[in-house]
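Undergrad: Have a look at the structure that comes next, please.
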Amino acid sequence: MTGWANYLVFIVATGGFYALLALSLNLIWGGAGMVNLGLAGFFALGAYASALLTVNAGAPILAGIAGALVVGAIGGYVVTMSTTRLRGDYLAIVTLGFAETIRLVANNEIWLTRGSDGISGIPGPLKAELGGWFNAAYALGTLAIVALVWFALRRIDLSPYGRALRAVREDEQVAQVAGKRILRFKIEAFAISAAIAALAGALYGHFNSYVAPDIFQPLITIYIFLAVAAGGVGRVSGAVAGAYLVIFFLESTRFAAAAIPGLAPVQHAAIREMLIGLALIVVLRWRPQGILPERIPPAPRPQSQEAT
Amino acid sequence: MKAISDTVPRPHVPQRSEPDALLAIRDVRRAFYGLDVLRGVDLDVRAGSITGLIGPNGAGKTTLFNVVSGLVPPDAGSIRFAGRELAGASPEAISNAGLVRTFQVARGFPRLSVFQHLMLYGREQPGESLAAALFGSAESRRREAELAERAWQIARLLNLERVIDHPAQALSGGQKKLLEIGRALMAEPQLVLLDEPTAGVNPTLKAEIAHHLRALPARGITVLLIEHDMKFIGALCDPVIVMAEGRVLAQGGFEAVRADARVREAYMGVRA
């Protein structure tokens with residue numbers, strides 16, 4: 001494959017990881033109204049779980065990915081159970097702390113994670129068989145997984161379960177008065193959301209064959225919040241669209257900044273960050289509720305037209 | 001999470017409840033930061049009645065609603081509903097037992113539609129489980145269709161059909177009040193607690209709300225409502241319970257209560 005084709009494949013695959021993270025955030029933030037600033041932590045948890053299982057324990061890749069899903073879900077469960085009385089800013093602070101804790105553990109528990117050196121040699125599925133086509137095949141596989149997760153989350157979104165979840169998002173007390181067991185909804189939503197973020201991490205690790213603590217900086221979480229906000233909070237398709245929009249801005253500004261003559265490389269980097277911010281401001285000025293705003297599904301028309 | 005239980009001790013029972021009392025409250029107490037807001041409330045709500053709860057601001061009426069509906073646990077006392085002890089139970093357990101409330105300032109889910117609001121108050125929807133959401137279930141679809149039919153009927157009854165797909169935040173104040181009543185109807189409760197159902201609505205809509213409320217006992221729904229409009233109370237409620245300073249001051253028929261010197265002094269500012 002040519003350099004440009006490889007670059008495109010890289011963008012598609014990275015967009016897929018971002019899309020999974022955005023779907024994860026959209027479920028918990030757009031669906032249940034819980035602000036999770038610890039997304040990068042769950043991303044790291046999945047990446048390390050799968051890497052350790054496949055590299056250290058010699059488990060098959062599918063077992064590594066399954067392990068990442070389980071570890072992510074358990075992490076989500078633990079965070080929800082330890083923050084049952086927190087909402088809004090307070091929950092956000094605790095989840096941010098969780099992500100930093102995961103990163104610091106990965107950096108310092110060298111016996112397990114090899115510290116800042118990271119874990120290399122993470123196997124990729126059918127890598128030897130596919131040879132030069134591995135990246136393209138992996139990118140397509142990632143897209144298929146994004147589609148599968150999108151489909152499952154859309155089913156949840158349109159179901160009575162999704163409706164109850166939105167009620168929890170809007171007003172927990174009124175949802176309780178309506179008879180909803182809000183803790184159950186919050187735990188389940190957080191666990192699924194964390195498992196999806198962990199899945200993104202596992203897929204990332206098997207694609208790049210390397211994970212290290214520095215990859216999981218809080219900036220990733222910020223990018224994903226921007227993706228969901230630009231795509232449309234509360235809309236499953238919006239999360240995927242927003243993720244690819246952010247990837248487009250991240251990559252296109254790389255060339256736009258470099259095209260400005262007379263600047264040092266460090267200035268190019270700064271200009272690039274400014275252009276990304278500016279582009280997202282323009283998107284949100286143009287579409288304050290995102291490219292694909294949340295929709296209210298129309299009430300199904302009744303078969304009987306008789307009033308009580 | 002606490003479930004409704006018969007094991008909660010009843011520390012003090014000063015009087016016998018009426019034999020047909022759906023709700024029997026005995027010596028309910030609640031303090032906030034050392035301030036006694038409920039100082040031993042005793043009252044009964046007869047099944048099939050529309051009972052009015054009146055009293056000056058700060059009497060503890062809304063706090064009593066918060067305690068009965070489980071949003072605020074009582075410090076002491078007994079709340080028996082349909083023969084079961086509710087004191088300390090969770091709001092969702094109380095709601096699922098058939099006791100539903102509304103709020104003084106219409107509260108709900110601003111970005112959800114009128115239809116979604118009504119559907120959320122439908123009972124026994126197996127589709128609210130994760131497995132049913134992911135894999136679908138015939139039982140969930142059947143129940144959803146039943147509830148949708150009922151939601152449409154209630155929307156028609158309350159003249160909310162035209163705005164059924166509108167988000168609650170786009171409704172007028174009066175429509176929000178009607179939606180609160182609609183949600184209560186949708187839940188098919190045994191008892192509904194209405195906190196100022198006509199606050200801030202025009203006289204025409206007030207009459208319409210009174211009309212809807214009057215029809216509730218015939219549907220098997222008992223009503224306990226807080227209201228400040230004496231004309232509304234007089235036309236709708238029997239009996240009327242007066243609260244002042246965290247206790248029940250008087251109860252009985254509207255005229256008898258209105259003539260009570262203690263009520264006139266505490267609530268209407270008229271010295272005997």
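Each chain in the structure tokens gets a letter, A, B, ..., in the order shown, and its residues are numbered from 1; ligands are numbered from 1 in order too.
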For chain A, report every residue with an atom at most 6 Å from chain B (counting only C-alpha atoms), formatted as a ChimeraX atom specification.

TA: /A:156,159-161,170,176-180,298,302,307-308

Undergrad: So that I can see what lies close to segment 136-143 of chain A, please list as a list in words the residues with an atom at most 8 Å from it, counting only C-alpha atoms and leaving out residues fewer than 2 positions away in the same chain.

TA: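 In the requested format, the answer is Asn6, Val9, Phe10, Val12, Ala13, Gly16, Phe17, Leu130, Trp133, Phe134, Ile145, Val146, Ala147, Leu203 and Phe207 of chain A.
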
Undergrad: Find the spatial neighbours of Lys231 of chain B, counting only C-alpha atoms, within a cut-off of 12 Å - ignore same-chain residues fewer than 6 positions away - and output them as JSON, numbers by chain.

TA: {"B": [52, 198, 203, 206, 207, 210, 237, 254, 255, 258]}

Undergrad: Let me see the file: selected residues, all heavy atoms, as an mmCIF file, in the first residue's frame.

TA:
```
data_model
loop_
_atom_site.group_PDB
_atom_site.id
_atom_site.type_symbol
_atom_site.label_atom_id
_atom_site.label_comp_id
_atom_site.auth_asym_id
_atom_site.auth_seq_id
_atom_site.Cartn_x
_atom_site.Cartn_y
_atom_site.Cartn_z
ATOM 1 N N GLY B 52 -58.381 17.793 51.200
ATOM 2 C CA GLY B 52 -57.593 19.012 51.024
ATOM 3 C C GLY B 52 -56.655 19.202 52.201
ATOM 4 O O GLY B 52 -57.012 18.908 53.344
ATOM 5 N N THR B 198 -53.113 23.848 41.006
ATOM 6 C CA THR B 198 -53.588 24.966 40.175
ATOM 7 C C THR B 198 -52.759 26.227 40.370
ATOM 8 O O THR B 198 -53.164 27.299 39.937
ATOM 9 C CB THR B 198 -55.074 25.287 40.476
ATOM 10 O OG1 THR B 198 -55.156 25.828 41.796
ATOM 11 C CG2 THR B 198 -55.951 24.072 40.347
ATOM 12 N N PRO B 203 -58.210 30.993 35.554
ATOM 13 C CA PRO B 203 -59.451 30.443 36.126
ATOM 14 C C PRO B 203 -60.105 29.370 35.254
ATOM 15 O O PRO B 203 -60.659 28.411 35.779
ATOM 16 C CB PRO B 203 -60.351 31.674 36.244
ATOM 17 C CG PRO B 203 -59.416 32.824 36.325
ATOM 18 C CD PRO B 203 -58.232 32.465 35.500
ATOM 19 N N LYS B 206 -58.211 26.293 35.709
ATOM 20 C CA LYS B 206 -58.428 25.854 37.093
ATOM 21 C C LYS B 206 -59.714 25.025 37.165
ATOM 22 O O LYS B 206 -59.766 23.966 37.792
ATOM 23 C CB LYS B 206 -58.534 27.097 37.989
ATOM 24 C CG LYS B 206 -58.144 26.841 39.416
ATOM 25 C CD LYS B 206 -58.119 28.125 40.207
ATOM 26 C CE LYS B 206 -56.737 28.703 40.321
ATOM 27 N NZ LYS B 206 -56.613 29.777 41.286
ATOM 28 N N ALA B 207 -60.743 25.515 36.491
ATOM 29 C CA ALA B 207 -62.028 24.796 36.477
ATOM 30 C C ALA B 207 -61.866 23.452 35.771
ATOM 31 O O ALA B 207 -62.449 22.440 36.180
ATOM 32 C CB ALA B 207 -63.074 25.648 35.777
ATOM 33 N N ALA B 210 -60.120 21.114 38.107
ATOM 34 C CA ALA B 210 -61.071 20.664 39.139
ATOM 35 C C ALA B 210 -61.964 19.559 38.575
ATOM 36 O O ALA B 210 -62.235 18.556 39.245
ATOM 37 C CB ALA B 210 -61.910 21.836 39.619
ATOM 38 N N CYS B 237 -63.026 19.610 47.946
ATOM 39 C CA CYS B 237 -62.449 18.729 48.973
ATOM 40 C C CYS B 237 -63.383 18.459 50.150
ATOM 41 O O CYS B 237 -64.024 19.371 50.672
ATOM 42 C CB CYS B 237 -61.150 19.343 49.513
ATOM 43 S SG CYS B 237 -59.929 19.586 48.244
ATOM 44 N N PHE B 254 -65.374 21.537 54.989
ATOM 45 C CA PHE B 254 -64.783 22.835 54.664
ATOM 46 C C PHE B 254 -65.388 23.957 55.507
ATOM 47 O O PHE B 254 -64.664 24.781 56.073
ATOM 48 C CB PHE B 254 -64.972 23.122 53.170
ATOM 49 C CG PHE B 254 -64.445 24.470 52.753
ATOM 50 C CD1 PHE B 254 -63.090 24.728 52.737
ATOM 51 C CD2 PHE B 254 -65.323 25.496 52.399
ATOM 52 C CE1 PHE B 254 -62.603 25.974 52.362
ATOM 53 C CE2 PHE B 254 -64.844 26.738 52.035
ATOM 54 C CZ PHE B 254 -63.488 26.977 52.014
ATOM 55 N N GLU B 255 -66.715 23.978 55.623
ATOM 56 C CA GLU B 255 -67.365 25.076 56.352
ATOM 57 C C GLU B 255 -66.987 25.043 57.822
ATOM 58 O O GLU B 255 -66.728 26.079 58.428
ATOM 59 C CB GLU B 255 -68.883 24.991 56.166
ATOM 60 C CG GLU B 255 -69.373 25.340 54.754
ATOM 61 C CD GLU B 255 -68.885 26.705 54.275
ATOM 62 O OE1 GLU B 255 -68.700 27.619 55.097
ATOM 63 O OE2 GLU B 255 -68.663 26.848 53.047
ATOM 64 N N ARG B 258 -63.464 26.224 58.186
ATOM 65 C CA ARG B 258 -63.351 27.666 57.942
ATOM 66 C C ARG B 258 -63.861 28.477 59.138
ATOM 67 O O ARG B 258 -63.380 29.573 59.406
ATOM 68 C CB ARG B 258 -64.119 28.031 56.674
ATOM 69 C CG ARG B 258 -63.765 29.418 56.196
ATOM 70 C CD ARG B 258 -64.149 29.648 54.785
ATOM 71 N NE ARG B 258 -65.600 29.686 54.607
ATOM 72 C CZ ARG B 258 -66.196 30.195 53.548
ATOM 73 N NH1 ARG B 258 -65.474 30.664 52.557
ATOM 74 N NH2 ARG B 258 -67.491 30.196 53.430
#
```

Undergrad: Dump as a tab-separated table the rows for residues of segment 77-110 of chain B within 12 Å of segment 27-43 of chain B: closest atom pair and distance in Å with one decimal, only C-alpha atoms counted, ordered by chain and rising residue number.

TA:
```
residue	atom	partner	partner_atom	distance
B:Gly77	CA	B:Val28	CA	4.1
B:Ser78	CA	B:Val28	CA	6.2
B:Ile79	CA	B:Val28	CA	7.6
B:Arg80	CA	B:Leu43	CA	10.7
B:Phe81	CA	B:Leu43	CA	11.9
B:Leu86	CA	B:Val28	CA	11.7
B:Ala87	CA	B:Val28	CA	9.0
B:Gly88	CA	B:Val28	CA	11.3
```

Undergrad: Write the residues of the preceding selection, restricted to N, CA and C atoms, as a CSV table (one decimal), in the first residue's frame.

TA:
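Resulting contents of again12.csv:
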```
chain,number,residue,atom,x,y,z
B,77,GLY,N,-42.1,8.2,63.5
B,77,GLY,CA,-43.5,8.1,63.2
B,77,GLY,C,-43.8,7.0,62.2
B,78,SER,N,-45.1,6.9,62.0
B,78,SER,CA,-45.5,5.7,61.1
B,78,SER,C,-46.4,6.3,60.0
B,79,ILE,N,-46.1,5.7,58.8
B,79,ILE,CA,-46.9,6.1,57.6
B,79,ILE,C,-47.5,4.7,57.1
B,80,ARG,N,-48.7,4.4,57.3
B,80,ARG,CA,-49.3,3.2,56.8
B,80,ARG,C,-50.1,3.5,55.6
B,81,PHE,N,-49.8,2.8,54.5
B,81,PHE,CA,-50.6,3.0,53.3
B,81,PHE,C,-51.1,1.6,52.8
B,86,LEU,N,-44.9,2.4,55.3
B,86,LEU,CA,-44.0,3.0,54.2
B,86,LEU,C,-42.9,3.9,54.8
B,87,ALA,N,-42.9,4.2,56.1
B,87,ALA,CA,-41.9,5.1,56.7
B,87,ALA,C,-40.5,4.6,56.3
B,88,GLY,N,-39.7,5.4,55.7
B,88,GLY,CA,-38.3,5.0,55.4
B,88,GLY,C,-38.1,4.3,54.1
```

Undergrad: Residues at most 6 Å from segment 45-48 of chain A, counting only C-alpha atoms, excluding those fewer than 6 positions away in the same chain, as a ChimeraX atom specification?

TA: /A:68,198-199,201-202,205

Undergrad: Give the answer as one residue: which of A:Phe190, A:Val168, A:Val105, A:Ala19 has the shortest atom-to-atom distance to Thr83 of chain A, using only C-alpha atoms?

TA: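 Smallest distance to Thr83 of chain A is found for A:Phe190.
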
Undergrad: State, in Å with one decimal place, the distance from atom CA of Val70 of chain A to atom CA of Ala195 of chain A.

TA: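 Distance reported for this atom pair: 6.8 Å.
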
Undergrad: Could you go through segment 108-279 of chain A and tell me which residues DSSP, when run on the backbone, assigns to strand (DSSP E or B), listing them as a ChimeraX atom specification?

TA: /A:119-120,210-211

Undergrad: May I ask for the distance between atom CA of Gly220 of chain B and atom CA of Pro239 of chain B, given in Å to one decimal place?

TA: 17.5 Å

Undergrad: Could you check which of A:Ala44, A:Gly33, A:Leu53, A:Ile102 is closest to Arg87 of chain A, using only C-alpha atoms?

TA: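 The closest residue to Arg87 of chain A is A:Gly33.
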
Undergrad: Identify which of the residues A:Val174, A:Leu250, A:Lys127, A:Ala230 lies closest to Arg285 of chain A, counting only C-alpha atoms when measuring atom-to-atom distances.

TA: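 Using only C-alpha atoms, the shortest distance to Arg285 of chain A belongs to A:Ala230.
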
Undergrad: What residues in segment 53-125 of chain A get the DSSP label helix (DSSP H, G or I)? Please answer as a short mmCIF file (atom, residue, chain, number, x, y, z; two decimals) with N, CA, C and O atoms, in the first residue's frame.

TA:
```cif
data_model
loop_
_atom_site.label_atom_id
_atom_site.label_comp_id
_atom_site.auth_asym_id
_atom_site.auth_seq_id
_atom_site.Cartn_x
_atom_site.Cartn_y
_atom_site.Cartn_z
N LEU A 53 -3.01 -9.77 29.11
CA LEU A 53 -3.53 -11.13 28.92
C LEU A 53 -2.87 -11.81 27.73
O LEU A 53 -2.56 -13.00 27.78
N THR A 54 -2.67 -11.07 26.65
CA THR A 54 -2.12 -11.70 25.44
C THR A 54 -0.60 -11.80 25.47
O THR A 54 -0.04 -12.81 25.04
N VAL A 55 0.06 -10.76 26.00
CA VAL A 55 1.54 -10.78 26.00
C VAL A 55 2.07 -11.57 27.19
O VAL A 55 2.89 -12.48 27.02
N ASN A 56 1.62 -11.26 28.39
CA ASN A 56 2.15 -11.92 29.60
C ASN A 56 1.58 -13.32 29.80
O ASN A 56 2.30 -14.24 30.16
N ILE A 61 -6.11 -13.57 21.29
CA ILE A 61 -6.51 -12.15 21.20
C ILE A 61 -7.97 -11.95 21.58
O ILE A 61 -8.30 -11.00 22.30
N LEU A 62 -8.83 -12.86 21.12
CA LEU A 62 -10.26 -12.72 21.46
C LEU A 62 -10.47 -12.78 22.97
O LEU A 62 -11.31 -12.05 23.52
N ALA A 63 -9.72 -13.65 23.64
CA ALA A 63 -9.82 -13.74 25.11
C ALA A 63 -9.33 -12.44 25.74
O ALA A 63 -9.89 -11.97 26.75
N GLY A 64 -8.28 -11.86 25.14
CA GLY A 64 -7.77 -10.58 25.64
C GLY A 64 -8.82 -9.49 25.53
O GLY A 64 -9.03 -8.71 26.48
N ILE A 65 -9.50 -9.45 24.39
CA ILE A 65 -10.53 -8.42 24.19
C ILE A 65 -11.71 -8.66 25.14
O ILE A 65 -12.24 -7.72 25.75
N ALA A 66 -12.09 -9.94 25.29
CA ALA A 66 -13.18 -10.27 26.23
C ALA A 66 -12.79 -9.87 27.65
O ALA A 66 -13.60 -9.31 28.41
N GLY A 67 -11.52 -10.13 27.99
CA GLY A 67 -11.03 -9.75 29.31
C GLY A 67 -11.10 -8.24 29.51
O GLY A 67 -11.46 -7.76 30.59
N ALA A 68 -10.76 -7.48 28.46
CA ALA A 68 -10.82 -6.01 28.53
C ALA A 68 -12.25 -5.55 28.80
O ALA A 68 -12.49 -4.65 29.62
N LEU A 69 -13.22 -6.19 28.11
CA LEU A 69 -14.63 -5.83 28.32
C LEU A 69 -15.03 -6.06 29.77
O LEU A 69 -15.68 -5.22 30.39
N VAL A 70 -14.61 -7.22 30.31
CA VAL A 70 -14.99 -7.56 31.69
C VAL A 70 -14.31 -6.60 32.68
O VAL A 70 -14.96 -6.06 33.58
N VAL A 71 -13.02 -6.36 32.48
CA VAL A 71 -12.29 -5.46 33.39
C VAL A 71 -12.89 -4.05 33.32
O VAL A 71 -13.08 -3.40 34.36
N GLY A 72 -13.20 -3.60 32.10
CA GLY A 72 -13.82 -2.27 31.94
C GLY A 72 -15.15 -2.20 32.67
O GLY A 72 -15.42 -1.23 33.40
N ALA A 73 -15.98 -3.22 32.51
CA ALA A 73 -17.30 -3.23 33.15
C ALA A 73 -17.15 -3.24 34.67
O ALA A 73 -17.87 -2.52 35.38
N ILE A 74 -16.20 -4.03 35.17
CA ILE A 74 -15.97 -4.07 36.62
C ILE A 74 -15.49 -2.70 37.11
O ILE A 74 -15.96 -2.19 38.13
N GLY A 75 -14.59 -2.09 36.34
CA GLY A 75 -14.11 -0.74 36.69
C GLY A 75 -15.27 0.25 36.75
O GLY A 75 -15.37 1.05 37.69
N GLY A 76 -16.15 0.18 35.77
CA GLY A 76 -17.32 1.06 35.74
C GLY A 76 -18.23 0.82 36.93
O GLY A 76 -18.73 1.76 37.56
N TYR A 77 -18.41 -0.46 37.28
CA TYR A 77 -19.25 -0.81 38.43
C TYR A 77 -18.67 -0.24 39.71
O TYR A 77 -19.38 0.37 40.51
N VAL A 78 -17.35 -0.41 39.88
CA VAL A 78 -16.69 0.07 41.11
C VAL A 78 -16.81 1.59 41.21
O VAL A 78 -17.16 2.13 42.28
N VAL A 79 -16.56 2.29 40.09
CA VAL A 79 -16.64 3.76 40.13
C VAL A 79 -18.08 4.20 40.46
O VAL A 79 -18.29 5.09 41.29
N THR A 80 -19.07 3.56 39.86
CA THR A 80 -20.46 3.97 40.14
C THR A 80 -20.83 3.70 41.59
O THR A 80 -21.44 4.54 42.24
N MET A 81 -20.44 2.52 42.09
CA MET A 81 -20.81 2.18 43.46
C MET A 81 -20.11 3.10 44.47
O MET A 81 -20.65 3.35 45.55
N SER A 82 -18.93 3.58 44.10
CA SER A 82 -18.22 4.45 45.05
C SER A 82 -18.63 5.91 44.90
O SER A 82 -18.15 6.76 45.65
N GLY A 88 -22.91 15.52 38.63
CA GLY A 88 -22.37 16.75 38.05
C GLY A 88 -20.88 16.88 38.28
O GLY A 88 -20.10 15.96 38.08
N ASP A 89 -20.49 18.08 38.75
CA ASP A 89 -19.07 18.42 38.89
C ASP A 89 -18.34 17.44 39.80
O ASP A 89 -17.19 17.08 39.55
N TYR A 90 -19.00 17.01 40.89
CA TYR A 90 -18.34 16.17 41.86
C TYR A 90 -18.02 14.80 41.27
O TYR A 90 -16.94 14.24 41.46
N LEU A 91 -18.97 14.26 40.53
CA LEU A 91 -18.74 12.98 39.86
C LEU A 91 -17.61 13.13 38.84
O LEU A 91 -16.73 12.28 38.72
N ALA A 92 -17.62 14.27 38.11
CA ALA A 92 -16.60 14.52 37.10
C ALA A 92 -15.21 14.51 37.72
O ALA A 92 -14.27 13.91 37.18
N ILE A 93 -15.08 15.15 38.89
CA ILE A 93 -13.77 15.24 39.56
C ILE A 93 -13.30 13.84 39.97
O ILE A 93 -12.14 13.48 39.77
N VAL A 94 -14.21 13.05 40.52
CA VAL A 94 -13.82 11.70 40.96
C VAL A 94 -13.41 10.85 39.76
O VAL A 94 -12.40 10.13 39.82
N THR A 95 -14.13 10.93 38.66
CA THR A 95 -13.79 10.11 37.49
C THR A 95 -12.46 10.56 36.88
O THR A 95 -11.68 9.73 36.42
N LEU A 96 -12.21 11.87 36.94
CA LEU A 96 -10.92 12.38 36.46
C LEU A 96 -9.79 11.80 37.31
O LEU A 96 -8.75 11.36 36.80
N GLY A 97 -10.03 11.78 38.62
CA GLY A 97 -9.05 11.19 39.55
C GLY A 97 -8.84 9.72 39.26
O GLY A 97 -7.70 9.22 39.31
N PHE A 98 -9.91 9.02 38.92
CA PHE A 98 -9.80 7.60 38.60
C PHE A 98 -8.87 7.39 37.39
O PHE A 98 -7.98 6.54 37.41
N ALA A 99 -9.08 8.20 36.35
CA ALA A 99 -8.27 8.07 35.13
C ALA A 99 -6.80 8.33 35.43
O ALA A 99 -5.92 7.61 34.95
N GLU A 100 -6.55 9.36 36.23
CA GLU A 100 -5.16 9.68 36.56
C GLU A 100 -4.53 8.57 37.40
O GLU A 100 -3.35 8.24 37.25
N THR A 101 -5.35 7.97 38.28
CA THR A 101 -4.85 6.86 39.10
C THR A 101 -4.43 5.70 38.21
O THR A 101 -3.35 5.11 38.39
N ILE A 102 -5.27 5.38 37.23
CA ILE A 102 -4.95 4.27 36.32
C ILE A 102 -3.63 4.57 35.58
O ILE A 102 -2.76 3.71 35.47
N ARG A 103 -3.50 5.82 35.13
CA ARG A 103 -2.30 6.19 34.37
C ARG A 103 -1.05 6.11 35.27
O ARG A 103 0.00 5.63 34.85
N LEU A 104 -1.20 6.58 36.51
CA LEU A 104 -0.06 6.57 37.43
C LEU A 104 0.31 5.14 37.84
O LEU A 104 1.49 4.82 37.98
N VAL A 105 -0.70 4.30 38.01
CA VAL A 105 -0.42 2.89 38.31
C VAL A 105 0.34 2.27 37.13
O VAL A 105 1.35 1.57 37.32
N ALA A 106 -0.13 2.56 35.92
CA ALA A 106 0.54 2.02 34.72
C ALA A 106 1.99 2.52 34.63
O ALA A 106 2.88 1.81 34.18
N ASN A 107 2.22 3.73 35.12
CA ASN A 107 3.55 4.33 35.04
C ASN A 107 4.49 3.79 36.11
O ASN A 107 5.70 3.70 35.90
N ASN A 108 3.92 3.41 37.26
CA ASN A 108 4.77 3.09 38.42
C ASN A 108 4.83 1.61 38.80
O ASN A 108 5.79 1.20 39.45
N ILE A 110 5.91 -1.13 37.72
CA ILE A 110 6.75 -1.62 36.63
C ILE A 110 6.71 -3.14 36.50
O ILE A 110 6.74 -3.69 35.40
N TRP A 111 6.61 -3.85 37.67
CA TRP A 111 6.58 -5.32 37.65
C TRP A 111 5.43 -5.84 36.78
O TRP A 111 5.53 -6.90 36.19
N LEU A 112 4.34 -5.04 36.69
CA LEU A 112 3.17 -5.50 35.95
C LEU A 112 3.09 -4.86 34.56
O LEU A 112 2.84 -5.55 33.56
N THR A 113 3.32 -3.56 34.51
CA THR A 113 3.03 -2.80 33.28
C THR A 113 4.28 -2.37 32.52
O THR A 113 4.16 -1.76 31.47
N GLY A 115 6.09 -0.04 33.36
CA GLY A 115 6.22 1.40 33.59
C GLY A 115 6.13 2.23 32.33
O GLY A 115 5.37 1.92 31.41
N SER A 116 6.96 3.28 32.27
CA SER A 116 6.89 4.21 31.14
C SER A 116 7.41 3.58 29.84
O SER A 116 7.19 4.12 28.76
N ASP A 117 8.10 2.45 29.96
CA ASP A 117 8.55 1.76 28.74
C ASP A 117 7.36 1.22 27.95
O ASP A 117 7.43 1.05 26.73
#
```

Undergrad: Find the distance between atom CA of Ala258 of chain A and atom CA of Val282 of chain A and write it in Å to one decimal.

TA: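 Between atom CA of Ala258 of chain A and atom CA of Val282 of chain A the gap works out to 21.3 Å.
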
Undergrad: Give me, as a short mmCIF file (atom, residue, chain, number, x, y, z; two decimals) with N, CA, C and O atoms, in the first residue's frame, all polymer residues having an atom no more than 12 Å from Ala269 of chain A, counting only C-alpha atoms and skipping those fewer than 2 positions away in the same chain.

TA:
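Dumped everything to out.cif:
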```cif
data_model
loop_
_atom_site.label_atom_id
_atom_site.label_comp_id
_atom_site.auth_asym_id
_atom_site.auth_seq_id
_atom_site.Cartn_x
_atom_site.Cartn_y
_atom_site.Cartn_z
N LEU A 250 -8.28 17.13 13.58
CA LEU A 250 -6.94 16.83 14.10
C LEU A 250 -5.95 16.62 12.96
O LEU A 250 -4.81 17.09 13.02
N GLU A 251 -6.37 15.92 11.95
CA GLU A 251 -5.45 15.59 10.86
C GLU A 251 -5.31 16.71 9.84
O GLU A 251 -4.22 17.01 9.38
N THR A 253 -5.69 19.91 10.24
CA THR A 253 -4.94 21.07 10.75
C THR A 253 -3.44 20.80 10.74
O THR A 253 -2.65 21.73 10.73
N ARG A 254 -3.08 19.52 10.74
CA ARG A 254 -1.66 19.17 10.65
C ARG A 254 -1.05 19.77 9.38
O ARG A 254 0.02 20.37 9.41
N PHE A 255 -1.80 19.66 8.28
CA PHE A 255 -1.31 20.18 6.99
C PHE A 255 -1.52 21.69 6.90
O PHE A 255 -0.69 22.42 6.37
N ALA A 256 -2.68 22.15 7.42
CA ALA A 256 -2.99 23.58 7.33
C ALA A 256 -1.94 24.39 8.08
O ALA A 256 -1.45 25.41 7.58
N ALA A 257 -1.58 23.94 9.29
CA ALA A 257 -0.59 24.67 10.09
C ALA A 257 0.78 24.64 9.42
O ALA A 257 1.50 25.65 9.40
N ALA A 258 1.10 23.48 8.83
CA ALA A 258 2.42 23.34 8.19
C ALA A 258 2.53 24.22 6.94
O ALA A 258 3.63 24.59 6.52
N ALA A 259 1.37 24.56 6.36
CA ALA A 259 1.38 25.36 5.12
C ALA A 259 1.67 26.84 5.39
O ALA A 259 1.93 27.60 4.46
N ILE A 260 1.58 27.24 6.67
CA ILE A 260 1.86 28.64 6.98
C ILE A 260 3.38 28.83 6.99
O ILE A 260 4.08 28.19 7.79
N LEU A 263 7.18 29.80 10.10
CA LEU A 263 6.95 29.45 11.50
C LEU A 263 7.84 28.30 11.92
O LEU A 263 8.14 27.41 11.12
N ALA A 264 8.27 28.33 13.18
CA ALA A 264 9.04 27.22 13.73
C ALA A 264 8.09 26.05 13.99
O ALA A 264 6.89 26.26 14.14
N PRO A 265 8.62 24.80 14.08
CA PRO A 265 7.75 23.64 14.34
C PRO A 265 6.88 23.79 15.58
O PRO A 265 5.72 23.40 15.59
N VAL A 266 7.45 24.38 16.65
CA VAL A 266 6.68 24.53 17.88
C VAL A 266 5.51 25.50 17.66
O VAL A 266 4.42 25.33 18.23
N GLN A 267 5.73 26.48 16.78
CA GLN A 267 4.65 27.42 16.46
C GLN A 267 3.58 26.73 15.61
O GLN A 267 2.39 27.00 15.76
N ILE A 271 -0.33 26.64 16.49
CA ILE A 271 -1.33 27.09 15.50
C ILE A 271 -2.35 25.97 15.25
O ILE A 271 -3.55 26.21 15.15
N ARG A 272 -1.85 24.75 15.23
CA ARG A 272 -2.72 23.60 14.96
C ARG A 272 -3.79 23.47 16.06
O ARG A 272 -4.97 23.32 15.78
N GLU A 273 -3.34 23.59 17.31
CA GLU A 273 -4.30 23.50 18.43
C GLU A 273 -5.33 24.62 18.32
O GLU A 273 -6.52 24.41 18.55
N MET A 274 -4.85 25.81 17.94
CA MET A 274 -5.78 26.94 17.82
C MET A 274 -6.79 26.69 16.71
O MET A 274 -7.98 26.99 16.87
N LEU A 275 -6.32 26.12 15.60
CA LEU A 275 -7.23 25.86 14.47
C LEU A 275 -8.28 24.82 14.85
O LEU A 275 -9.46 24.95 14.47
N ILE A 276 -7.85 23.79 15.62
CA ILE A 276 -8.82 22.77 16.06
C ILE A 276 -9.90 23.42 16.94
O ILE A 276 -11.10 23.22 16.73
#
```
